[in-house]
Amino acid sequence: MSTDSGDAPSLADWLAARSDDELSELLRLRPDLSVPPPATLDILAVRAEQRASVLRAVEDLDTPTLTVLELLLFEQGDTAAVPRKRLDALVAKQATKKAVDAALVTLRSLALVRGTTELRTVSAARDALPWRVGRFVTADRGLTEDSVAAALEQIDDRRRELLTTLSRSSNLGRTRDAAPGTPPDRPVQQLLAAGLLGRVDHETVELPQQVSQVLRGEPVSDPTRLTPPPAEREIQNPRDVDAAAAGEALELLRLCENVLSALGSTPAPALKAGGLGVRELRRVAKTCDLDETQAAFLVELLAAAGLLASGAPDPSPPSDTDDHWAPTSAADAWLASPPAVRWAALAGAWLDLPRLPWSVGMRDANDKPIAALSDEARSVAAPRDRRVVLGVLADLDAGVTIGRDDVVRIATWRRPRLAGRLTRHAVSRYLDEAATLGILGRGAVSTPGRALLADTDRDAAAAAMASALPDPIDHVLVQADLTVVAPGPLTPELAHTMATVADIESAGAATMYRVDESTLRRALDAGMSAAQLHGFFGARSRTPVPQALTYLIDDVARRHGRLRVGIASSFVRCEDPALLAEVLASPAADALALRALAPTVAVSQAPLGDVLEALRSGGFAPAGEDSSGTIVDLRPRGARVPVRRNRSAYRTPVVPTADQRGRLLAEMRAGTKAATARRTEGVRADGTRASGAATISLLQRAAIARAAVTIGYVDAAGVSSQRVVAPVSVGGGRLDAWDEDAGTMRQFTLHRITSVDLVDR
C-alpha cells in the first residue's frame, strides 16, 4: 500500500495519489462506484461519499472495524483530522495496535477513511453506524444477563413497559425527566439509578444493548467486545455428520416427489393476489402426510428450483381457465436425475431464495396470515442472511458445532448492521431449514454443505453429496405378509419398478412397500406380464418369494385383460361372450351407457379412462388397448405447466473484472488529466457545419504542430469522457491520435468529438 501524507488530504486528492492496484481493489469492493463509469477521479470521489454508497460499503464490516470508524467520528473525524495516537489511546484496553491496523486497512480499502498519522472519515459515515456514536466510550461494561434480569425483577409493570417500548423501536428516547435535579421518584430517574437506562444528555436517554436483548429474549452480548464472542464447541465424527445429512437429503427428495405427485394429480388454484391458499396447502399436507409448516417449506423450495409454478396446467382442470400451481415441465427431468444432482438443485435454490419460507402462516402488517408462495413472504435480504448464519458454522472445523445462541452472538458480531434481522427466531429457522436440506448434519456443516457454501458451481456440491449417500442397492426383501423391505436406497431402475408394482407404506432408512391386487394390476397395465413379475421378484428378492405372492400374481394376471377397452368414444371387447354379457348386466353398464354391437363387442360414449375406472369399481379387471390391440399404459402422468423464469432469483452485485477495472482506471486518470490541463484555444461542437469545420481545422493544426489537445468524446455506448491526445492525422471522418496515457494509437470518430482544446505545455 502506498504511503499517505500526514495531513489527510481531500478524498479526491487522496484517491489521485493511490496506486492502480489500490483503486482497482476499491472498485472491486464497491462495484456500485463504477456504474455508470466515472469520467474522472473527482467524480469517483463524489460517488464514494454519497450516503447510499457508504451504507452499502459498510454492510459486511464487523464490530471491530465499525468501532474504529465510530471512534474516529466520536473525535469528529468527519470534519477534522484525528491523530492516530488518539485512536490507539481510546481502544488501548480493548484491542491491540495490530487489530486497529487491520481495521484501518479495511476502511482505507473502502475509501471510508484516509490518512495514516492524521485520519479523516467520509461525512456520510455517521449514518452508516448501527449504533450511536460514542456508545463504545460510554457503555456500561458491568451489565450482564444475570444483573439485568435481577434489576428487571425489581421494577413494576409501568417501568417495564417503558423499557419494552424502547426495545421494540429505537434505543434512544427523548424526555425532560433525564435532566439532573429531576425528582428521584420519577420512573426515568429510577431506571437511570438502576442502570437500566443511560443518560445521553439532559433530554435523551438510551436503553443499553444488554437490557434490550434481555427484554426481547435475545442472547446477551457485550457491545464493547472487539474480539469474537466465546462459544462452547461440541465435536462429532465428520462421517456421522455426513451420514445424518445424507439421510435428511434422501427424505427431502422423497417428500418433494410426493408433493409434485400430489399437485400433478390435482393442481391447486392460485390465489388472485398470487400464492397458494391455506385450504390448498392443507390438502397437500394431508395428501403427503406432512404438517403445514413442512408443506409450506417444500412448495416454496420446489418453486425456487423451478419445479413448481403457476399457470394454465396441461391437461387443464375441466371448465377452469384460472392459473393453478402445478409441476413444471422441468420436473420430469429432475425426477429422472441421480439423487445427488436433485439434492444440489434444491439446496442451491434454497441458498439463493429471496424469500422466508418459515414466515408462511405468520401474520403480516395487516394481521392477515401470510400465504405460501405469496409476495408477503418475499425478503431480498434472506440469501445474505443465510450465508452469514451458515458461515459461522462453516468456519469451524469439520464435525464441530456450537449452540444456536452462540451462532446468534457471533453472526451479529460479524455483521452488526444485520443484528435486527439475525434474531434468535430467524437464526433458528434458517438452521432448521438447512438441517432439513442436509446442509447440516447433527448441527454441524456437512461436507456437501461446505462444498455448496464454498463453490458457486453446484457440481462440486452434487459430487460431495454423491460420496456421502449410501451406495444404492439392487435387491429387496419380500416377506410372507406381501410386504417388501428395501434396506437402503435403491438403484434408479429398481426404485422405478418398485414404484410400479407396490405402494410405499413407510419410508426412512429402510423403505417398506406393500404389494396387493391393485398394485399388480397397475404393473400389468404398464405392460408387464405375469412371467415378468415372477422373474422380477425372483431375481431381486434376497428372501424366498412367498407362495401367497405367486398365487396372487397368477390370479390377477388370469383375470387381467379379458376385457379390452378402446375408443369409440370407447369400446369394450371380450373374447368370452358370457363375460361381456355379465358386464352389460352390471350397474356399471347403465352408468356408462354401454351398448352391445356383437356378442364380443360393446361401445360407450364415456371417455376411455372413465370406462376403465367404472368397470374396475364394478369388480372387473379390464385393460386398455390401442388400435393395434396392444395393451397401453394409461396411468395418469400428472398436470404440467411451462417453466417460467424466476424473476425473484437472488443476484449478487456484478463486480467488474480486473481487465475492466484496469481500463476504467486508465479512462479516469486520462479524464482527470484532461480536466486539469491548461487550455489556450478551443472549439465546442454544436452540430453545425461551422463548428465541425472549426473542429477539423484545429485538429489539423495540432497535427502539423505536433501539439497536444484535450478532446471531449462520446463513445458508442453514450459514455462521455475527456482525453489528452496528440493528433497524427485527420480525414475520412476520423481522427488518428497518440494517446499518451494508454501509450498507443487510437481512432476517434469525428462526429462524436464534442470539444477540442489546445493544451498549453
# chains A, B, ... in the order shown; residues from 1 in each chain; ligands from 1

call {"tool": "residues_around", "arguments": {"residues": "region 267-271 of chain A", "least_positions_apart": "5", "cutoff": "9 Å", "atoms": "only C-alpha atoms", "output": "list in words"}}
result
Ala262, Leu276, Gly277, Glu280, Leu281, Val284, Ser310, Gly311, Pro313, Ser316, Pro317, Asp322, Asp323, His324, Trp325, Ala326, Pro327, Ser374, Gly638, Ala639 and Arg640 of chain A

call {"tool": "residues_around", "arguments": {"residues": "Leu615 (chain A)", "least_positions_apart": "2", "cutoff": "12 Å", "atoms": "only C-alpha atoms", "output": "PDB file with C-alpha atoms, in the first residue's frame"}}
result
ATOM      1  CA  HIS A 560     -56.483 -59.026 -16.284  1.00  0.00           C
ATOM      2  CA  GLY A 561     -57.147 -58.052 -19.852  1.00  0.00           C
ATOM      3  CA  LEU A 563     -61.959 -57.272 -21.165  1.00  0.00           C
ATOM      4  CA  ARG A 564     -60.461 -54.850 -23.672  1.00  0.00           C
ATOM      5  CA  VAL A 565     -61.436 -51.157 -23.694  1.00  0.00           C
ATOM      6  CA  VAL A 572     -65.311 -52.925 -24.735  1.00  0.00           C
ATOM      7  CA  LEU A 580     -69.326 -59.437 -21.761  1.00  0.00           C
ATOM      8  CA  GLU A 582     -72.172 -60.167 -17.349  1.00  0.00           C
ATOM      9  CA  VAL A 583     -70.703 -56.694 -17.855  1.00  0.00           C
ATOM     10  CA  LEU A 584     -73.754 -55.499 -19.771  1.00  0.00           C
ATOM     11  CA  ALA A 585     -75.985 -56.707 -16.947  1.00  0.00           C
ATOM     12  CA  SER A 586     -73.985 -54.922 -14.249  1.00  0.00           C
ATOM     13  CA  PRO A 587     -74.797 -51.440 -12.813  1.00  0.00           C
ATOM     14  CA  ALA A 588     -71.611 -50.136 -14.456  1.00  0.00           C
ATOM     15  CA  ALA A 589     -73.157 -50.667 -17.898  1.00  0.00           C
ATOM     16  CA  ASP A 590     -76.024 -48.311 -17.115  1.00  0.00           C
ATOM     17  CA  ALA A 591     -73.640 -45.601 -15.811  1.00  0.00           C
ATOM     18  CA  LEU A 592     -71.503 -45.912 -18.955  1.00  0.00           C
ATOM     19  CA  LEU A 594     -72.789 -49.495 -22.801  1.00  0.00           C
ATOM     20  CA  ALA A 606     -67.746 -42.203 -21.996  1.00  0.00           C
ATOM     21  CA  LEU A 608     -61.667 -44.391 -22.058  1.00  0.00           C
ATOM     22  CA  GLY A 609     -60.374 -43.562 -18.565  1.00  0.00           C
ATOM     23  CA  ASP A 610     -63.908 -43.337 -17.166  1.00  0.00           C
ATOM     24  CA  VAL A 611     -64.834 -46.717 -18.660  1.00  0.00           C
ATOM     25  CA  LEU A 612     -61.787 -48.374 -17.131  1.00  0.00           C
ATOM     26  CA  GLU A 613     -62.460 -46.815 -13.729  1.00  0.00           C
ATOM     27  CA  SER A 617     -65.163 -50.305  -9.485  1.00  0.00           C
ATOM     28  CA  GLY A 618     -67.728 -52.911 -10.527  1.00  0.00           C
ATOM     29  CA  GLY A 619     -65.303 -55.760  -9.773  1.00  0.00           C
ATOM     30  CA  PHE A 620     -63.973 -56.386 -13.287  1.00  0.00           C
ATOM     31  CA  ALA A 621     -60.317 -56.219 -14.382  1.00  0.00           C
ATOM     32  CA  PRO A 622     -60.227 -54.553 -17.815  1.00  0.00           C
ATOM     33  CA  ALA A 623     -57.074 -53.442 -19.633  1.00  0.00           C
ATOM     34  CA  GLY A 624     -56.683 -50.575 -22.109  1.00  0.00           C
TER      35      GLY A 624
END

call {"tool": "closest_atom_pairs", "arguments": {"of": "region 103-133 of chain A", "to": "region 170-185 of chain A", "cutoff": "12 Å", "atoms": "only C-alpha atoms", "output": "CSV"}}
result
residue,atom,partner,partner_atom,distance
A:Pro130,CA,A:Ser170,CA,11.0
A:Trp131,CA,A:Asn171,CA,8.9
A:Arg132,CA,A:Leu172,CA,8.8

call {"tool": "write_last_selection", "arguments": {"atoms": "N, CA, C and O atoms", "output": "PDB file, in the first residue's frame"}}
result
ATOM      1  N   PRO A 130     -24.518   1.231  13.070  1.00  0.00           N
ATOM      2  CA  PRO A 130     -25.763   0.645  13.580  1.00  0.00           C
ATOM      3  C   PRO A 130     -26.058   1.035  15.023  1.00  0.00           C
ATOM      4  O   PRO A 130     -27.020   0.526  15.607  1.00  0.00           O
ATOM      5  N   TRP A 131     -25.248   1.888  15.603  1.00  0.00           N
ATOM      6  CA  TRP A 131     -25.459   2.340  16.978  1.00  0.00           C
ATOM      7  C   TRP A 131     -25.067   3.808  17.091  1.00  0.00           C
ATOM      8  O   TRP A 131     -24.550   4.407  16.139  1.00  0.00           O
ATOM      9  N   ARG A 132     -25.289   4.377  18.256  1.00  0.00           N
ATOM     10  CA  ARG A 132     -24.996   5.793  18.500  1.00  0.00           C
ATOM     11  C   ARG A 132     -23.491   6.019  18.576  1.00  0.00           C
ATOM     12  O   ARG A 132     -22.755   5.241  19.178  1.00  0.00           O
TER      13      ARG A 132
END

call {"tool": "closest_residue", "arguments": {"among": "A:Ala17, A:Val400, A:Leu735, A:Ala12", "to": "Leu44 (chain A)", "atoms": "only C-alpha atoms"}}
result
A:Ala12

call {"tool": "residues_around", "arguments": {"residues": "Leu152 (chain A)", "least_positions_apart": "4", "cutoff": "10 Å", "atoms": "only C-alpha atoms", "output": "PDB file with N, CA, C and O atoms, in the first residue's frame"}}
result
ATOM      1  N   ASP A 146     -27.362 -11.784  33.951  1.00  0.00           N
ATOM      2  CA  ASP A 146     -27.891 -12.022  35.295  1.00  0.00           C
ATOM      3  C   ASP A 146     -28.215 -10.717  36.013  1.00  0.00           C
ATOM      4  O   ASP A 146     -29.263 -10.599  36.664  1.00  0.00           O
ATOM      5  N   SER A 147     -27.308  -9.723  35.896  1.00  0.00           N
ATOM      6  CA  SER A 147     -27.555  -8.466  36.599  1.00  0.00           C
ATOM      7  C   SER A 147     -28.750  -7.722  36.017  1.00  0.00           C
ATOM      8  O   SER A 147     -29.539  -7.109  36.748  1.00  0.00           O
ATOM      9  N   VAL A 148     -28.909  -7.786  34.700  1.00  0.00           N
ATOM     10  CA  VAL A 148     -30.064  -7.140  34.069  1.00  0.00           C
ATOM     11  C   VAL A 148     -31.354  -7.835  34.490  1.00  0.00           C
ATOM     12  O   VAL A 148     -32.358  -7.182  34.826  1.00  0.00           O
ATOM     13  N   ASP A 156     -41.663  -2.200  38.521  1.00  0.00           N
ATOM     14  CA  ASP A 156     -43.074  -2.503  38.325  1.00  0.00           C
ATOM     15  C   ASP A 156     -43.409  -2.568  36.839  1.00  0.00           C
ATOM     16  O   ASP A 156     -42.569  -2.309  35.969  1.00  0.00           O
ATOM     17  N   ASP A 157     -44.668  -2.906  36.553  1.00  0.00           N
ATOM     18  CA  ASP A 157     -45.096  -3.093  35.165  1.00  0.00           C
ATOM     19  C   ASP A 157     -45.009  -1.804  34.362  1.00  0.00           C
ATOM     20  O   ASP A 157     -44.709  -1.836  33.163  1.00  0.00           O
ATOM     21  N   ARG A 159     -42.839   0.705  34.594  1.00  0.00           N
ATOM     22  CA  ARG A 159     -41.460   0.976  34.180  1.00  0.00           C
ATOM     23  C   ARG A 159     -40.973  -0.060  33.167  1.00  0.00           C
ATOM     24  O   ARG A 159     -40.242   0.266  32.232  1.00  0.00           O
ATOM     25  N   ARG A 160     -41.416  -1.299  33.355  1.00  0.00           N
ATOM     26  CA  ARG A 160     -41.022  -2.336  32.394  1.00  0.00           C
ATOM     27  C   ARG A 160     -41.628  -2.059  31.017  1.00  0.00           C
ATOM     28  O   ARG A 160     -40.993  -2.297  29.982  1.00  0.00           O
ATOM     29  N   LEU A 163     -39.495   0.414  29.195  1.00  0.00           N
ATOM     30  CA  LEU A 163     -38.287  -0.211  28.640  1.00  0.00           C
ATOM     31  C   LEU A 163     -38.629  -1.078  27.428  1.00  0.00           C
ATOM     32  O   LEU A 163     -37.894  -1.086  26.428  1.00  0.00           O
ATOM     33  N   LEU A 191     -35.103   4.340  36.726  1.00  0.00           N
ATOM     34  CA  LEU A 191     -34.462   3.430  35.780  1.00  0.00           C
ATOM     35  C   LEU A 191     -33.007   3.809  35.552  1.00  0.00           C
ATOM     36  O   LEU A 191     -32.148   2.933  35.370  1.00  0.00           O
ATOM     37  N   ALA A 194     -31.120   2.514  38.499  1.00  0.00           N
ATOM     38  CA  ALA A 194     -30.975   1.057  38.490  1.00  0.00           C
ATOM     39  C   ALA A 194     -30.035   0.565  37.399  1.00  0.00           C
ATOM     40  O   ALA A 194     -29.745  -0.635  37.323  1.00  0.00           O
ATOM     41  N   LEU A 196     -30.707   0.571  34.243  1.00  0.00           N
ATOM     42  CA  LEU A 196     -31.466   0.028  33.121  1.00  0.00           C
ATOM     43  C   LEU A 196     -31.642   1.037  31.999  1.00  0.00           C
ATOM     44  O   LEU A 196     -32.113   0.685  30.914  1.00  0.00           O
ATOM     45  N   VAL A 211     -29.778  -4.697  28.086  1.00  0.00           N
ATOM     46  CA  VAL A 211     -31.150  -4.638  28.591  1.00  0.00           C
ATOM     47  C   VAL A 211     -32.140  -4.915  27.461  1.00  0.00           C
ATOM     48  O   VAL A 211     -33.119  -5.656  27.623  1.00  0.00           O
ATOM     49  N   VAL A 214     -32.230  -8.683  26.685  1.00  0.00           N
ATOM     50  CA  VAL A 214     -32.971  -9.464  27.675  1.00  0.00           C
ATOM     51  C   VAL A 214     -34.470  -9.275  27.484  1.00  0.00           C
ATOM     52  O   VAL A 214     -35.253 -10.239  27.535  1.00  0.00           O
ATOM     53  N   LEU A 215     -34.912  -8.057  27.238  1.00  0.00           N
ATOM     54  CA  LEU A 215     -36.333  -7.788  27.073  1.00  0.00           C
ATOM     55  C   LEU A 215     -36.893  -8.484  25.829  1.00  0.00           C
ATOM     56  O   LEU A 215     -38.052  -8.909  25.815  1.00  0.00           O
TER      57      LEU A 215
END

call {"tool": "select_by_dssp", "arguments": {"residues": "region 245-453 of chain A", "states": "alpha helix (DSSP H)", "output": "ChimeraX atom specification"}}
result
/A:245-265,278-287,292-304,330-335,339-351,382-394,404-414,424-437,447-453

call {"tool": "residues_around", "arguments": {"residues": "Ser428 (chain A)", "least_positions_apart": "3", "cutoff": "10 Å", "atoms": "only C-alpha atoms", "output": "ChimeraX atom specification"}}
result
/A:389,404-405,407-408,422-425,431-434

call {"tool": "write_last_selection", "arguments": {"atoms": "N, CA, C and O atoms", "output": "compact mmCIF listing (two decimals), in the first residue's frame"}}
result
# COMPACT_ATOMS: atom_id res chain seq x y z
N VAL A 389 -25.29 -16.67 8.57
CA VAL A 389 -25.56 -17.64 9.64
C VAL A 389 -24.79 -18.93 9.40
O VAL A 389 -24.10 -19.44 10.29
N ARG A 404 -27.00 -22.56 19.33
CA ARG A 404 -27.65 -21.56 18.47
C ARG A 404 -27.51 -20.15 19.03
O ARG A 404 -27.41 -19.20 18.26
N ASP A 405 -27.52 -19.99 20.34
CA ASP A 405 -27.31 -18.66 20.91
C ASP A 405 -25.93 -18.15 20.57
O ASP A 405 -25.74 -16.94 20.30
N VAL A 407 -24.31 -18.97 17.88
CA VAL A 407 -24.36 -18.61 16.45
C VAL A 407 -24.91 -17.19 16.30
O VAL A 407 -24.39 -16.39 15.51
N VAL A 408 -25.94 -16.86 17.07
CA VAL A 408 -26.52 -15.51 17.00
C VAL A 408 -25.48 -14.48 17.43
O VAL A 408 -25.31 -13.45 16.76
N LEU A 422 -31.00 -10.81 12.34
CA LEU A 422 -30.43 -12.06 12.83
C LEU A 422 -30.84 -12.31 14.27
O LEU A 422 -30.02 -12.40 15.18
N THR A 423 -32.13 -12.42 14.48
CA THR A 423 -32.66 -12.69 15.81
C THR A 423 -32.56 -14.18 16.12
O THR A 423 -32.29 -15.01 15.23
N ARG A 424 -32.82 -14.52 17.38
CA ARG A 424 -32.79 -15.94 17.77
C ARG A 424 -33.79 -16.74 16.95
O ARG A 424 -33.50 -17.86 16.50
N HIS A 425 -34.99 -16.20 16.74
CA HIS A 425 -36.02 -16.92 15.98
C HIS A 425 -35.60 -17.12 14.54
O HIS A 425 -35.70 -18.23 13.99
N LEU A 431 -31.39 -22.40 10.45
CA LEU A 431 -30.67 -23.64 10.77
C LEU A 431 -31.57 -24.85 10.64
O LEU A 431 -31.12 -25.92 10.19
N ASP A 432 -32.84 -24.72 11.00
CA ASP A 432 -33.78 -25.84 10.83
C ASP A 432 -33.93 -26.20 9.36
O ASP A 432 -33.94 -27.38 8.98
N GLU A 433 -34.08 -25.19 8.51
CA GLU A 433 -34.21 -25.44 7.08
C GLU A 433 -32.94 -26.06 6.52
O GLU A 433 -33.00 -26.97 5.68
N ALA A 434 -31.78 -25.57 6.97
CA ALA A 434 -30.51 -26.14 6.50
C ALA A 434 -30.38 -27.61 6.92
O ALA A 434 -29.84 -28.43 6.17

call {"tool": "atom_distance", "arguments": {"atom1": "CA of Ala398 (chain A)", "atom2": "CA of Thr412 (chain A)"}}
result
22.5 Å

call {"tool": "residues_around", "arguments": {"residues": "Ala435 (chain A)", "least_positions_apart": "5", "cutoff": "9 Å", "atoms": "only C-alpha atoms", "output": "list in words"}}
result
Ala245, Glu248, Tyr430, Leu440, Gly441, Arg442, Gly443, Ala444 and Val445 of chain A

call {"tool": "residues_around", "arguments": {"residues": "region 487-499 of chain A", "least_positions_apart": "3", "cutoff": "8 Å", "atoms": "only C-alpha atoms", "output": "list in words"}}
result
Pro338, Pro470, Asp471, Pro472, Ile473, Asp474, His475, Val476, Leu477, Ala502, Asp503, Ile504, Ala509, Ala510 and Thr511 of chain A

call {"tool": "closest_atom_pairs", "arguments": {"of": "region 398-451 of chain A", "to": "region 63-77 of chain A", "cutoff": "10 Å", "atoms": "only C-alpha atoms", "output": "CSV"}}
result
residue,atom,partner,partner_atom,distance
A:Thr412,CA,A:Thr63,CA,8.3
A:Trp413,CA,A:Thr63,CA,5.5
A:Arg414,CA,A:Thr63,CA,6.1
A:Arg415,CA,A:Thr63,CA,7.0
A:Pro416,CA,A:Thr63,CA,6.2
A:Arg417,CA,A:Thr63,CA,9.0

call {"tool": "closest_residue", "arguments": {"among": "A:Ser541, A:Ser691, A:Thr657, A:Gln479", "to": "Arg514 (chain A)", "atoms": "only C-alpha atoms"}}
result
A:Gln479

call {"tool": "atom_distance", "arguments": {"atom1": "CA of Asp385 (chain A)", "atom2": "CA of Leu143 (chain A)"}}
result
28.4 Å

call {"tool": "select_by_dssp", "arguments": {"residues": "region 264-414 of chain A", "states": "strand (DSSP E or B)", "output": "number ranges by chain"}}
result
A: 268-270, 276, 308-311, 314, 324-328, 355, 363, 369, 372, 378, 400-402
